$ cat coords37.cif   # mmCIF, C-alpha atoms (C1' of nucleotides)
data_model
loop_
_atom_site.group_PDB
_atom_site.id
_atom_site.type_symbol
_atom_site.label_atom_id
_atom_site.label_comp_id
_atom_site.auth_asym_id
_atom_site.auth_seq_id
_atom_site.Cartn_x
_atom_site.Cartn_y
_atom_site.Cartn_z
ATOM 1 C CA MET S 1 211.331 84.780 98.131
ATOM 2 C CA ARG S 2 207.611 84.910 98.743
ATOM 3 C CA ILE S 3 205.305 84.466 95.766
ATOM 4 C CA SER S 4 202.106 86.499 96.105
ATOM 5 C CA SER S 5 198.832 85.638 94.446
ATOM 6 C CA LYS S 6 199.729 88.196 91.807
ATOM 7 C CA GLY S 7 202.783 86.188 90.850
ATOM 8 C CA LYS S 8 200.933 82.925 90.878
ATOM 9 C CA TYR S 9 198.100 84.216 88.713
ATOM 10 C CA ALA S 10 200.538 85.907 86.345
ATOM 11 C CA LEU S 11 202.126 82.535 85.774
ATOM 12 C CA GLU S 12 198.745 80.866 85.261
ATOM 13 C CA LEU S 13 197.868 83.537 82.746
ATOM 14 C CA MET S 14 201.130 83.038 80.854
ATOM 15 C CA VAL S 15 200.556 79.294 80.825
ATOM 16 C CA TYR S 16 197.179 79.847 79.224
ATOM 17 C CA LEU S 17 198.625 82.182 76.614
ATOM 18 C CA GLY S 18 201.469 79.759 76.020
ATOM 19 C CA ARG S 19 199.070 76.924 75.338
ATOM 20 C CA ASN S 20 197.306 79.122 72.806
ATOM 21 C CA TYR S 21 200.459 80.508 71.243
ATOM 22 C CA GLY S 22 199.896 81.360 67.575
ATOM 23 C CA LYS S 23 196.123 81.408 67.866
ATOM 24 C CA GLY S 24 195.660 85.170 68.087
ATOM 25 C CA SER S 25 194.524 87.258 71.029
ATOM 26 C CA ILE S 26 192.978 85.636 74.097
ATOM 27 C CA SER S 27 190.639 87.646 76.320
ATOM 28 C CA ILE S 28 190.881 87.816 80.098
ATOM 29 C CA SER S 29 187.345 86.529 80.493
ATOM 30 C CA GLU S 30 188.246 83.405 78.535
ATOM 31 C CA ILE S 31 191.251 82.850 80.792
ATOM 32 C CA THR S 32 189.517 83.395 84.109
ATOM 33 C CA GLY S 33 186.087 81.975 83.376
ATOM 34 C CA ASP S 34 183.404 82.785 85.906
ATOM 35 C CA SER S 35 185.237 81.499 88.906
ATOM 36 C CA PHE S 36 187.731 84.300 89.242
ATOM 37 C CA SER S 37 187.788 88.061 89.269
ATOM 38 C CA ILE S 38 188.226 89.431 85.781
ATOM 39 C CA LYS S 39 189.159 92.814 87.220
ATOM 40 C CA TYR S 40 192.028 91.460 89.246
ATOM 41 C CA MET S 41 193.392 89.463 86.344
ATOM 42 C CA GLU S 42 193.100 92.533 84.126
ATOM 43 C CA LYS S 43 195.376 94.381 86.482
ATOM 44 C CA ILE S 44 197.907 91.569 86.376
ATOM 45 C CA ALA S 45 197.755 91.420 82.585
ATOM 46 C CA GLY S 46 198.349 95.174 82.564
ATOM 47 C CA LEU S 47 201.584 94.695 84.498
ATOM 48 C CA LEU S 48 202.810 92.005 82.133
ATOM 49 C CA ASN S 49 201.874 94.210 79.210
ATOM 50 C CA LYS S 50 203.762 97.196 80.591
ATOM 51 C CA ALA S 51 206.793 95.012 81.154
ATOM 52 C CA GLY S 52 206.644 94.085 77.470
ATOM 53 C CA LEU S 53 206.056 90.399 78.075
ATOM 54 C CA ILE S 54 202.702 90.290 76.314
ATOM 55 C CA LYS S 55 200.950 92.388 73.694
ATOM 56 C CA SER S 56 197.411 93.682 74.010
ATOM 57 C CA GLU S 57 194.656 94.386 71.512
ATOM 58 C CA ARG S 58 191.517 96.273 72.471
ATOM 59 C CA GLY S 59 187.968 95.860 71.349
ATOM 60 C CA VAL S 60 185.904 92.958 70.160
ATOM 61 C CA GLU S 61 188.096 89.960 69.412
ATOM 62 C CA GLY S 62 190.823 91.688 71.416
ATOM 63 C CA GLY S 63 192.881 90.262 74.241
ATOM 64 C CA TYR S 64 196.484 89.386 74.905
ATOM 65 C CA LYS S 65 199.133 87.275 73.226
ATOM 66 C CA LEU S 66 202.752 86.347 73.830
ATOM 67 C CA VAL S 67 205.401 88.386 72.017
ATOM 68 C CA LYS S 68 207.884 85.555 71.682
ATOM 69 C CA ASP S 69 208.082 81.796 71.766
ATOM 70 C CA PRO S 70 207.044 80.232 75.115
ATOM 71 C CA SER S 71 210.483 78.633 75.394
ATOM 72 C CA GLU S 72 212.058 82.059 75.606
ATOM 73 C CA TYR S 73 210.245 83.143 78.766
ATOM 74 C CA SER S 74 211.926 82.393 82.065
ATOM 75 C CA LEU S 75 209.733 82.118 85.129
ATOM 76 C CA PHE S 76 211.947 84.740 86.714
ATOM 77 C CA GLU S 77 211.126 87.454 84.214
ATOM 78 C CA ILE S 78 207.416 86.689 84.502
ATOM 79 C CA LEU S 79 207.344 86.812 88.293
ATOM 80 C CA ASN S 80 209.658 89.794 88.431
ATOM 81 C CA ALA S 81 207.259 91.731 86.233
ATOM 82 C CA VAL S 82 204.483 91.568 88.802
ATOM 83 C CA GLU S 83 206.123 91.071 92.196
ATOM 84 C CA ASP S 84 207.159 94.146 94.122
ATOM 85 C CA ASN S 85 210.124 92.597 95.845
ATOM 86 C CA MET S 86 211.689 89.276 95.006
ATOM 87 C CA ALA S 87 214.317 89.391 97.764
ATOM 88 C CA PRO S 88 213.939 86.909 100.637
ATOM 89 C CA ILE S 89 214.189 89.681 103.213
ATOM 90 C CA LYS S 90 213.468 93.377 103.257
ATOM 91 C CA CYS S 91 216.678 94.585 104.826
ATOM 92 C CA VAL S 92 218.609 93.518 101.751
ATOM 93 C CA LEU S 93 217.131 96.568 100.077
ATOM 94 C CA ASP S 94 216.450 98.752 103.110
ATOM 95 C CA ASP S 95 219.128 99.188 105.769
ATOM 96 C CA ASP S 96 216.778 101.055 108.096
ATOM 97 C CA ALA S 97 214.750 97.881 108.529
ATOM 98 C CA CYS S 98 217.323 96.559 110.999
ATOM 99 C CA LYS S 99 217.719 98.010 114.484
ATOM 100 C CA ILE S 100 219.746 95.378 116.293
ATOM 101 C CA LYS S 101 223.046 96.557 117.725
ATOM 102 C CA ILE S 102 225.298 93.603 117.062
ATOM 103 C CA THR S 103 227.013 93.515 113.734
ATOM 104 C CA CYS S 104 224.822 91.765 111.237
ATOM 105 C CA LYS S 105 226.403 88.572 109.953
ATOM 106 C CA THR S 106 223.359 87.356 108.093
ATOM 107 C CA TYR S 107 223.250 89.553 104.981
ATOM 108 C CA PRO S 108 225.513 87.254 102.940
ATOM 109 C CA ILE S 109 223.107 84.402 103.629
ATOM 110 C CA TRP S 110 220.109 86.267 102.229
ATOM 111 C CA ASP S 111 222.088 87.397 99.214
ATOM 112 C CA GLU S 112 223.242 83.883 98.473
ATOM 113 C CA LEU S 113 219.758 82.500 99.015
ATOM 114 C CA TYR S 114 218.342 85.019 96.595
ATOM 115 C CA GLU S 115 220.934 84.130 93.971
ATOM 116 C CA ILE S 116 220.015 80.463 94.215
ATOM 117 C CA GLU S 117 216.303 81.185 93.934
ATOM 118 C CA ALA S 118 216.817 83.525 91.001
ATOM 119 C CA LYS S 119 219.002 81.015 89.164
ATOM 120 C CA PHE S 120 216.383 78.319 89.525
ATOM 121 C CA LEU S 121 213.647 80.584 88.193
ATOM 122 C CA LYS S 122 215.816 81.877 85.354
ATOM 123 C CA ASP S 123 216.590 78.356 84.217
ATOM 124 C CA LYS S 124 212.940 77.309 84.276
ATOM 125 C CA LYS S 125 211.112 78.256 81.106
ATOM 126 C CA LEU S 126 207.438 78.713 80.430
ATOM 127 C CA THR S 127 207.514 75.623 78.231
ATOM 128 C CA ASP S 128 208.523 73.604 81.287
ATOM 129 C CA ILE S 129 205.072 74.075 82.776
ATOM 130 C CA LEU S 130 202.861 73.939 79.715
ATOM 131 C CA MET V 1 210.599 81.867 101.169
ATOM 132 C CA ARG V 2 210.214 85.176 102.893
ATOM 133 C CA ILE V 3 212.322 85.783 105.986
ATOM 134 C CA SER V 4 210.535 87.981 108.507
ATOM 135 C CA SER V 5 212.258 90.134 111.076
ATOM 136 C CA LYS V 6 211.565 87.376 113.572
ATOM 137 C CA GLY V 7 213.688 84.988 111.522
ATOM 138 C CA LYS V 8 216.433 87.488 111.043
ATOM 139 C CA TYR V 9 216.618 88.395 114.730
ATOM 140 C CA ALA V 10 216.456 84.737 115.736
ATOM 141 C CA LEU V 11 219.541 84.152 113.658
ATOM 142 C CA GLU V 12 221.293 87.190 115.134
ATOM 143 C CA LEU V 13 220.490 85.895 118.586
ATOM 144 C CA MET V 14 221.864 82.451 117.775
ATOM 145 C CA VAL V 15 225.012 84.038 116.385
ATOM 146 C CA TYR V 16 225.513 85.880 119.650
ATOM 147 C CA LEU V 17 224.998 82.712 121.676
ATOM 148 C CA GLY V 18 227.272 80.837 119.312
ATOM 149 C CA ARG V 19 230.069 83.311 119.856
ATOM 150 C CA ASN V 20 229.668 82.879 123.590
ATOM 151 C CA TYR V 21 229.312 79.126 123.524
ATOM 152 C CA GLY V 22 230.644 77.564 126.723
ATOM 153 C CA LYS V 23 230.512 80.801 128.684
ATOM 154 C CA GLY V 24 227.279 80.144 130.562
ATOM 155 C CA SER V 25 223.946 81.888 130.181
ATOM 156 C CA ILE V 26 223.631 85.114 128.239
ATOM 157 C CA SER V 27 220.793 87.510 128.992
ATOM 158 C CA ILE V 28 218.554 89.085 126.374
ATOM 159 C CA SER V 29 219.494 92.568 127.512
ATOM 160 C CA GLU V 30 223.156 91.809 126.857
ATOM 161 C CA ILE V 31 222.319 90.599 123.361
ATOM 162 C CA THR V 32 220.082 93.466 122.338
ATOM 163 C CA GLY V 33 221.750 96.343 124.166
ATOM 164 C CA ASP V 34 219.786 99.559 124.341
ATOM 165 C CA SER V 35 219.143 99.874 120.639
ATOM 166 C CA PHE V 36 216.543 97.157 120.310
ATOM 167 C CA SER V 37 213.386 95.995 122.006
ATOM 168 C CA ILE V 38 214.157 93.558 124.798
ATOM 169 C CA LYS V 39 210.492 92.520 124.839
ATOM 170 C CA TYR V 40 210.453 91.488 121.209
ATOM 171 C CA MET V 41 213.675 89.532 121.495
ATOM 172 C CA GLU V 42 212.321 87.813 124.603
ATOM 173 C CA LYS V 43 209.452 86.525 122.560
ATOM 174 C CA ILE V 44 211.786 85.225 119.879
ATOM 175 C CA ALA V 45 214.015 83.562 122.459
ATOM 176 C CA GLY V 46 210.899 81.937 123.885
ATOM 177 C CA LEU V 47 210.147 80.355 120.516
ATOM 178 C CA LEU V 48 213.671 79.008 120.167
ATOM 179 C CA ASN V 49 213.476 77.697 123.713
ATOM 180 C CA LYS V 50 210.179 75.918 123.110
ATOM 181 C CA ALA V 51 211.627 74.353 119.979
ATOM 182 C CA GLY V 52 214.437 72.975 122.124
ATOM 183 C CA LEU V 53 217.190 74.862 120.331
ATOM 184 C CA ILE V 54 218.317 76.792 123.365
ATOM 185 C CA LYS V 55 218.082 76.333 127.119
ATOM 186 C CA SER V 56 216.912 79.017 129.505
ATOM 187 C CA GLU V 57 217.752 79.865 133.077
ATOM 188 C CA ARG V 58 215.696 82.321 135.071
ATOM 189 C CA GLY V 59 216.721 84.793 137.713
ATOM 190 C CA VAL V 60 219.821 86.813 138.360
ATOM 191 C CA GLU V 61 222.707 85.562 136.214
ATOM 192 C CA GLY V 62 220.120 83.773 134.095
ATOM 193 C CA GLY V 63 219.693 83.880 130.350
ATOM 194 C CA TYR V 64 220.022 81.509 127.428
ATOM 195 C CA LYS V 65 222.645 79.135 126.091
ATOM 196 C CA LEU V 66 222.979 76.736 123.185
ATOM 197 C CA VAL V 67 222.224 73.085 123.861
ATOM 198 C CA LYS V 68 224.711 71.715 121.333
ATOM 199 C CA ASP V 69 227.795 72.740 119.407
ATOM 200 C CA PRO V 70 227.242 75.683 117.016
ATOM 201 C CA SER V 71 228.364 73.484 114.120
ATOM 202 C CA GLU V 72 225.348 71.243 114.671
ATOM 203 C CA TYR V 73 222.730 73.940 114.089
ATOM 204 C CA SER V 74 221.489 74.378 110.543
ATOM 205 C CA LEU V 75 220.063 77.729 109.586
ATOM 206 C CA PHE V 76 216.950 75.879 108.492
ATOM 207 C CA GLU V 77 216.110 74.550 111.920
ATOM 208 C CA ILE V 78 216.678 77.960 113.471
ATOM 209 C CA LEU V 79 214.457 79.801 111.007
ATOM 210 C CA ASN V 80 211.854 77.066 111.000
ATOM 211 C CA ALA V 81 211.516 77.410 114.767
ATOM 212 C CA VAL V 82 210.293 80.990 114.520
ATOM 213 C CA GLU V 83 208.775 81.426 111.053
ATOM 214 C CA ASP V 84 205.117 80.573 110.638
ATOM 215 C CA ASN V 85 205.395 79.374 107.071
ATOM 216 C CA MET V 86 208.590 78.686 105.193
ATOM 217 C CA ALA V 87 206.909 77.807 101.895
ATOM 218 C CA PRO V 88 207.350 80.246 98.990
ATOM 219 C CA ILE V 89 203.608 80.450 98.465
ATOM 220 C CA LYS V 90 200.575 79.956 100.613
ATOM 221 C CA CYS V 91 198.607 77.648 98.359
ATOM 222 C CA VAL V 92 201.170 74.912 98.816
ATOM 223 C CA LEU V 93 199.696 74.413 102.260
ATOM 224 C CA ASP V 94 196.192 75.775 101.705
ATOM 225 C CA ASP V 95 194.246 74.653 98.666
ATOM 226 C CA ASP V 96 191.445 77.140 99.294
ATOM 227 C CA ALA V 97 193.836 79.997 98.592
ATOM 228 C CA CYS V 98 193.459 79.424 94.847
ATOM 229 C CA LYS V 99 190.285 80.331 92.965
ATOM 230 C CA ILE V 100 191.348 80.242 89.344
ATOM 231 C CA LYS V 101 189.484 77.756 87.202
ATOM 232 C CA ILE V 102 192.187 76.493 84.896
ATOM 233 C CA THR V 103 194.156 73.565 86.147
ATOM 234 C CA CYS V 104 197.090 74.746 88.129
ATOM 235 C CA LYS V 105 200.408 73.773 86.576
ATOM 236 C CA THR V 106 202.535 75.796 88.919
ATOM 237 C CA TYR V 107 202.494 73.784 92.139
ATOM 238 C CA PRO V 108 205.479 71.629 91.134
ATOM 239 C CA ILE V 109 207.497 74.800 90.654
ATOM 240 C CA TRP V 110 206.822 76.068 94.177
ATOM 241 C CA ASP V 111 207.542 72.664 95.631
ATOM 242 C CA GLU V 112 210.825 72.412 93.807
ATOM 243 C CA LEU V 113 211.741 75.968 94.727
ATOM 244 C CA TYR V 114 211.062 75.211 98.367
ATOM 245 C CA GLU V 115 213.213 72.102 98.250
ATOM 246 C CA ILE V 116 216.120 74.095 96.858
ATOM 247 C CA GLU V 117 215.760 76.813 99.469
ATOM 248 C CA ALA V 118 215.470 74.269 102.271
ATOM 249 C CA LYS V 119 218.523 72.345 101.091
ATOM 250 C CA PHE V 120 220.615 75.493 101.044
ATOM 251 C CA LEU V 121 219.548 76.417 104.566
ATOM 252 C CA LYS V 122 220.008 72.895 105.880
ATOM 253 C CA ASP V 123 223.553 72.770 104.541
ATOM 254 C CA LYS V 124 224.466 76.109 106.096
ATOM 255 C CA LYS V 125 225.481 75.813 109.713
ATOM 256 C CA LEU V 126 225.560 78.378 112.461
ATOM 257 C CA THR V 127 229.345 78.190 112.464
ATOM 258 C CA ASP V 128 229.311 79.430 108.867
ATOM 259 C CA ILE V 129 228.181 82.846 110.047
ATOM 260 C CA LEU V 130 229.986 83.240 113.345
ATOM 261 C "C1'" DT Y 1 214.288 87.453 153.984
ATOM 262 C "C1'" DG Y 2 214.191 91.176 150.680
ATOM 263 C "C1'" DT Y 3 215.548 92.846 146.288
ATOM 264 C "C1'" DA Y 4 217.059 93.124 141.709
ATOM 265 C "C1'" DA Y 5 217.560 90.642 137.567
ATOM 266 C "C1'" DT Y 6 215.886 87.670 134.660
ATOM 267 C "C1'" DT Y 7 212.650 84.554 131.929
ATOM 268 C "C1'" DC Y 8 207.644 83.514 130.998
ATOM 269 C "C1'" DC Y 9 202.896 84.432 129.585
ATOM 270 C "C1'" DT Y 10 199.132 86.665 127.429
ATOM 271 C "C1'" DA Y 11 196.796 90.337 125.499
ATOM 272 C "C1'" DC Y 12 196.841 94.340 122.834
ATOM 273 C "C1'" DT Y 13 197.810 97.682 118.896
ATOM 274 C "C1'" DA Y 14 199.624 100.488 114.993
ATOM 275 C "C1'" DA Y 15 201.339 100.151 110.500
ATOM 276 C "C1'" DA Y 16 202.014 97.873 106.268
ATOM 277 C "C1'" DA Y 17 201.035 94.573 102.770
ATOM 278 C "C1'" DT Y 18 197.765 91.758 100.302
ATOM 279 C "C1'" DA Y 19 194.018 90.738 97.655
ATOM 280 C "C1'" DG Y 20 190.893 92.192 95.692
ATOM 281 C "C1'" DT Y 21 186.475 95.692 94.169
ATOM 282 C "C1'" DA Y 22 184.467 99.707 91.821
ATOM 283 C "C1'" DT Y 23 183.878 103.142 88.462
ATOM 284 C "C1'" DA Y 24 184.558 105.201 84.410
ATOM 285 C "C1'" DG Y 25 186.879 105.765 80.077
ATOM 286 C "C1'" DA Y 26 189.061 104.488 75.408
ATOM 287 C "C1'" DA Y 27 189.533 101.506 71.379
ATOM 288 C "C1'" DT Y 28 187.776 98.276 67.949
ATOM 289 C "C1'" DA Y 29 185.150 94.619 65.134
ATOM 290 C "C1'" DT Y 30 180.861 93.896 63.360
ATOM 291 C "C1'" DA T 1 175.422 102.188 67.046
ATOM 292 C "C1'" DT T 2 176.647 98.551 70.038
ATOM 293 C "C1'" DA T 3 178.829 95.066 72.442
ATOM 294 C "C1'" DT T 4 183.267 93.688 73.718
ATOM 295 C "C1'" DT T 5 187.547 94.303 75.230
ATOM 296 C "C1'" DC T 6 191.599 96.639 77.418
ATOM 297 C "C1'" DT T 7 193.213 100.948 80.451
ATOM 298 C "C1'" DA T 8 193.584 103.774 84.436
ATOM 299 C "C1'" DT T 9 192.902 105.127 88.950
ATOM 300 C "C1'" DA T 10 190.951 105.140 93.322
ATOM 301 C "C1'" DC T 11 189.062 102.728 97.023
ATOM 302 C "C1'" DT T 12 188.461 99.041 100.759
ATOM 303 C "C1'" DA T 13 188.412 94.958 103.700
ATOM 304 C "C1'" DT T 14 191.332 91.478 105.500
ATOM 305 C "C1'" DT T 15 195.526 89.617 106.986
ATOM 306 C "C1'" DT T 16 200.168 89.874 108.401
ATOM 307 C "C1'" DT T 17 203.932 92.041 110.577
ATOM 308 C "C1'" DA T 18 206.326 94.120 114.036
ATOM 309 C "C1'" DG T 19 206.317 95.285 117.734
ATOM 310 C "C1'" DT T 20 204.380 97.204 122.879
ATOM 311 C "C1'" DA T 21 202.574 96.580 127.590
ATOM 312 C "C1'" DG T 22 201.870 94.724 132.050
ATOM 313 C "C1'" DG T 23 202.709 91.673 135.199
ATOM 314 C "C1'" DA T 24 203.745 86.965 137.207
ATOM 315 C "C1'" DA T 25 207.262 83.373 138.326
ATOM 316 C "C1'" DT T 26 212.008 82.172 139.341
ATOM 317 C "C1'" DT T 27 216.583 82.703 141.124
ATOM 318 C "C1'" DA T 28 221.235 84.638 142.947
ATOM 319 C "C1'" DC T 29 222.902 87.157 146.296
ATOM 320 C "C1'" DA T 30 223.375 90.544 150.097
#
$ encode --input "coords37.cif" --output "structure tokens"
Amino acid sequence: MRISSKGKYALELMVYLGRNYGKGSISISEITGDSFSIKYMEKIAGLLNKAGLIKSERGVEGGYKLVKDPSEYSLFEILNAVEDNMAPIKCVLDDDACKIKITCKTYPIWDELYEIEAKFLKDKKLTDIL
Amino acid sequence: MRISSKGKYALELMVYLGRNYGKGSISISEITGDSFSIKYMEKIAGLLNKAGLIKSERGVEGGYKLVKDPSEYSLFEILNAVEDNMAPIKCVLDDDACKIKITCKTYPIWDELYEIEAKFLKDKKLTDIL
DNA sequence: TGTAATTCCTACTAAAATAGTATAGAATAT
DNA sequence: ATATTCTATACTATTTTAGTAGGAATTACA
């Protein structure tokens, strides 16, 4: 399981919203400050919004807020909302990715590895990193 | 932890050598057959050789063989020999990869995730997939 | 001694993924 | 009205991945 910058920033964003839970909408520019691309973070927020993990409000005083208590978010659902592929290896989802002739004995390993990773991330809650 | 095709093929190669343990040197062309690039597998075998996991012999009747019993190889050491970066996220090894201003609370998660992945792969032995 | 089979070495390249950037539009509080 | 904020889509530069290519060095064997 490789975590891209999208996943990392999504988690940072959720942490920020979690810390301000109950305080109304928080804008992207407040979250990123000047040191990071607002545009990129907007895109990430859009993905979380589409996945139903956060709620948006447009206009002045607008922004994003959590839709449930921080303790109810698993890190898995947050990362899964923005990452394209959480599997440790492509061929788990795409058989054509493998050309070797000998019978592949490694699939079960990748499956099991993925299960372990997913369990860890499902057990970890947003509150664990606030 | 993302497994690249290099890692996957390295493991396939080790499985083949493991099945033929004690039978002398096995050539790359025997392992790959006609359906896969001999050149690419040569490169992978070279990495495993440099890491000391296998032993090579040149010339006619040459090839590669394991240097210890298949039960003594963990999947971790095999993958680690060919993968550039086993960490789940770049910034664990490269602080410059992160530009966001707010204090990062996610590092411990990636570290812990990596430890879990590594433990799983260290406990799994080559014999488990022969 | 010649030849075929094999590893070894280094450079190159095409395709895909990643990490953003850019532009314009829509909604809303004041 | 206006400034602020999200929304949508297209574009681009960089990095990574997954090989390919050519040839040199080594060795068994006829």
$ resolve_selection --input "coords37.cif" --expression "the PyMOL selection byres ((chain Y) within 12 of (chain V))" --output "list in words"
DT3, DA4, DA5, DT6, DT7, DC8, DC9, DT10 and DA19 of chain Y
$ residues_near_point --input "coords37.cif" --point "(207.3, 78.7, 112.0)" --cutoff "12 Å" --atoms "all atoms listed in the file" --output "PyMOL selection string"
chain V and resi 1-4+6-7+10+44+47-48+50-51+76-87
$ calpha_fit_and_write --input "coords37.cif" --fixed "chain V" --moving "chain S" --output "short mmCIF file (atom, residue, chain, number, x, y, z; two decimals) with C-alpha atoms, in the frame of the given file"
data_model
loop_
_atom_site.label_atom_id
_atom_site.label_comp_id
_atom_site.auth_asym_id
_atom_site.auth_seq_id
_atom_site.Cartn_x
_atom_site.Cartn_y
_atom_site.Cartn_z
CA MET S 1 210.53 81.79 101.19
CA ARG S 2 210.16 85.11 102.94
CA ILE S 3 212.25 85.72 106.04
CA SER S 4 210.45 87.91 108.58
CA SER S 5 212.17 90.08 111.15
CA LYS S 6 211.51 87.30 113.63
CA GLY S 7 213.63 84.93 111.61
CA LYS S 8 216.36 87.45 111.09
CA TYR S 9 216.57 88.36 114.76
CA ALA S 10 216.44 84.71 115.79
CA LEU S 11 219.52 84.14 113.68
CA GLU S 12 221.26 87.19 115.15
CA LEU S 13 220.48 85.90 118.61
CA MET S 14 221.88 82.46 117.81
CA VAL S 15 225.01 84.04 116.38
CA TYR S 16 225.53 85.90 119.63
CA LEU S 17 225.02 82.75 121.69
CA GLY S 18 227.29 80.85 119.34
CA ARG S 19 230.08 83.36 119.81
CA ASN S 20 229.72 82.94 123.56
CA TYR S 21 229.37 79.17 123.49
CA GLY S 22 230.73 77.62 126.69
CA LYS S 23 230.62 80.86 128.65
CA GLY S 24 227.39 80.21 130.54
CA SER S 25 224.04 81.93 130.18
CA ILE S 26 223.70 85.16 128.21
CA SER S 27 220.84 87.55 128.98
CA ILE S 28 218.58 89.11 126.37
CA SER S 29 219.51 92.60 127.49
CA GLU S 30 223.17 91.86 126.83
CA ILE S 31 222.30 90.63 123.34
CA THR S 32 220.03 93.49 122.34
CA GLY S 33 221.69 96.39 124.10
CA ASP S 34 219.67 99.57 124.29
CA SER S 35 219.01 99.88 120.62
CA PHE S 36 216.44 97.14 120.31
CA SER S 37 213.31 95.98 122.03
CA ILE S 38 214.12 93.53 124.79
CA LYS S 39 210.49 92.44 124.89
CA TYR S 40 210.41 91.45 121.26
CA MET S 41 213.66 89.53 121.51
CA GLU S 42 212.37 87.79 124.62
CA LYS S 43 209.47 86.48 122.62
CA ILE S 44 211.80 85.19 119.93
CA ALA S 45 214.05 83.55 122.51
CA GLY S 46 210.93 81.92 123.96
CA LEU S 47 210.17 80.32 120.60
CA LEU S 48 213.70 78.99 120.23
CA ASN S 49 213.53 77.69 123.78
CA LYS S 50 210.24 75.90 123.19
CA ALA S 51 211.67 74.33 120.07
CA GLY S 52 214.50 72.96 122.20
CA LEU S 53 217.23 74.85 120.38
CA ILE S 54 218.38 76.80 123.42
CA LYS S 55 218.15 76.36 127.17
CA SER S 56 216.98 79.04 129.57
CA GLU S 57 217.86 79.91 133.15
CA ARG S 58 215.83 82.39 135.17
CA GLY S 59 216.89 84.90 137.74
CA VAL S 60 220.00 86.91 138.33
CA GLU S 61 222.85 85.65 136.18
CA GLY S 62 220.24 83.84 134.10
CA GLY S 63 219.79 83.92 130.36
CA TYR S 64 220.06 81.53 127.46
CA LYS S 65 222.69 79.18 126.10
CA LEU S 66 223.04 76.76 123.21
CA VAL S 67 222.30 73.09 123.90
CA LYS S 68 224.78 71.74 121.38
CA ASP S 69 227.84 72.75 119.44
CA PRO S 70 227.28 75.68 117.02
CA SER S 71 228.37 73.45 114.13
CA GLU S 72 225.38 71.23 114.72
CA TYR S 73 222.75 73.91 114.12
CA SER S 74 221.49 74.33 110.58
CA LEU S 75 220.05 77.69 109.62
CA PHE S 76 216.94 75.83 108.54
CA GLU S 77 216.11 74.49 111.98
CA ILE S 78 216.67 77.92 113.52
CA LEU S 79 214.45 79.76 111.05
CA ASN S 80 211.85 77.02 111.06
CA ALA S 81 211.53 77.36 114.82
CA VAL S 82 210.29 80.93 114.57
CA GLU S 83 208.76 81.35 111.12
CA ASP S 84 205.11 80.49 110.68
CA ASN S 85 205.36 79.34 107.11
CA MET S 86 208.55 78.65 105.22
CA ALA S 87 206.85 77.77 101.93
CA PRO S 88 207.30 80.20 99.03
CA ILE S 89 203.56 80.39 98.45
CA LYS S 90 200.49 79.90 100.58
CA CYS S 91 198.54 77.64 98.28
CA VAL S 92 201.10 74.89 98.76
CA LEU S 93 199.54 74.39 102.17
CA ASP S 94 196.05 75.75 101.54
CA ASP S 95 194.14 74.68 98.43
CA ASP S 96 191.34 77.17 99.07
CA ALA S 97 193.78 80.01 98.42
CA CYS S 98 193.43 79.47 94.67
CA LYS S 99 190.27 80.37 92.78
CA ILE S 100 191.39 80.36 89.16
CA LYS S 101 189.53 77.97 86.89
CA ILE S 102 192.30 76.68 84.67
CA THR S 103 194.20 73.70 85.91
CA CYS S 104 197.09 74.84 88.01
CA LYS S 105 200.42 73.88 86.47
CA THR S 106 202.54 75.87 88.87
CA TYR S 107 202.47 73.80 92.08
CA PRO S 108 205.46 71.65 91.09
CA ILE S 109 207.49 74.83 90.64
CA TRP S 110 206.80 76.07 94.16
CA ASP S 111 207.51 72.65 95.61
CA GLU S 112 210.81 72.40 93.80
CA LEU S 113 211.73 75.95 94.75
CA TYR S 114 211.03 75.20 98.38
CA GLU S 115 213.18 72.08 98.27
CA ILE S 116 216.10 74.05 96.89
CA GLU S 117 215.74 76.76 99.52
CA ALA S 118 215.43 74.23 102.31
CA LYS S 119 218.49 72.30 101.14
CA PHE S 120 220.58 75.45 101.10
CA LEU S 121 219.51 76.39 104.61
CA LYS S 122 219.98 72.85 105.92
CA ASP S 123 223.52 72.73 104.59
CA LYS S 124 224.44 76.08 106.11
CA LYS S 125 225.47 75.78 109.74
CA LEU S 126 225.55 78.35 112.49
CA THR S 127 229.34 78.17 112.47
CA ASP S 128 229.28 79.41 108.88
CA ILE S 129 228.14 82.82 110.04
CA LEU S 130 230.01 83.22 113.30
#
$ interface_residues --input "coords37.cif" --of "chain V" --to "chain S" --cutoff "7 Å" --atoms "only C-alpha atoms" --output "PyMOL selection string"
chain V and resi 1-4+12+32-33+35-36+88-89+99-101+104-106+113+117+129
$ write_last_selection --input "coords37.cif" --atoms "C-alpha atoms" --output "CSV table (one decimal), keeping the file's coordinate frame"
chain,number,residue,atom,x,y,z
V,1,MET,CA,210.6,81.9,101.2
V,2,ARG,CA,210.2,85.2,102.9
V,3,ILE,CA,212.3,85.8,106.0
V,4,SER,CA,210.5,88.0,108.5
V,12,GLU,CA,221.3,87.2,115.1
V,32,THR,CA,220.1,93.5,122.3
V,33,GLY,CA,221.8,96.3,124.2
V,35,SER,CA,219.1,99.9,120.6
V,36,PHE,CA,216.5,97.2,120.3
V,88,PRO,CA,207.4,80.2,99.0
V,89,ILE,CA,203.6,80.4,98.5
V,99,LYS,CA,190.3,80.3,93.0
V,100,ILE,CA,191.3,80.2,89.3
V,101,LYS,CA,189.5,77.8,87.2
V,104,CYS,CA,197.1,74.7,88.1
V,105,LYS,CA,200.4,73.8,86.6
V,106,THR,CA,202.5,75.8,88.9
V,113,LEU,CA,211.7,76.0,94.7
V,117,GLU,CA,215.8,76.8,99.5
V,129,ILE,CA,228.2,82.8,110.0
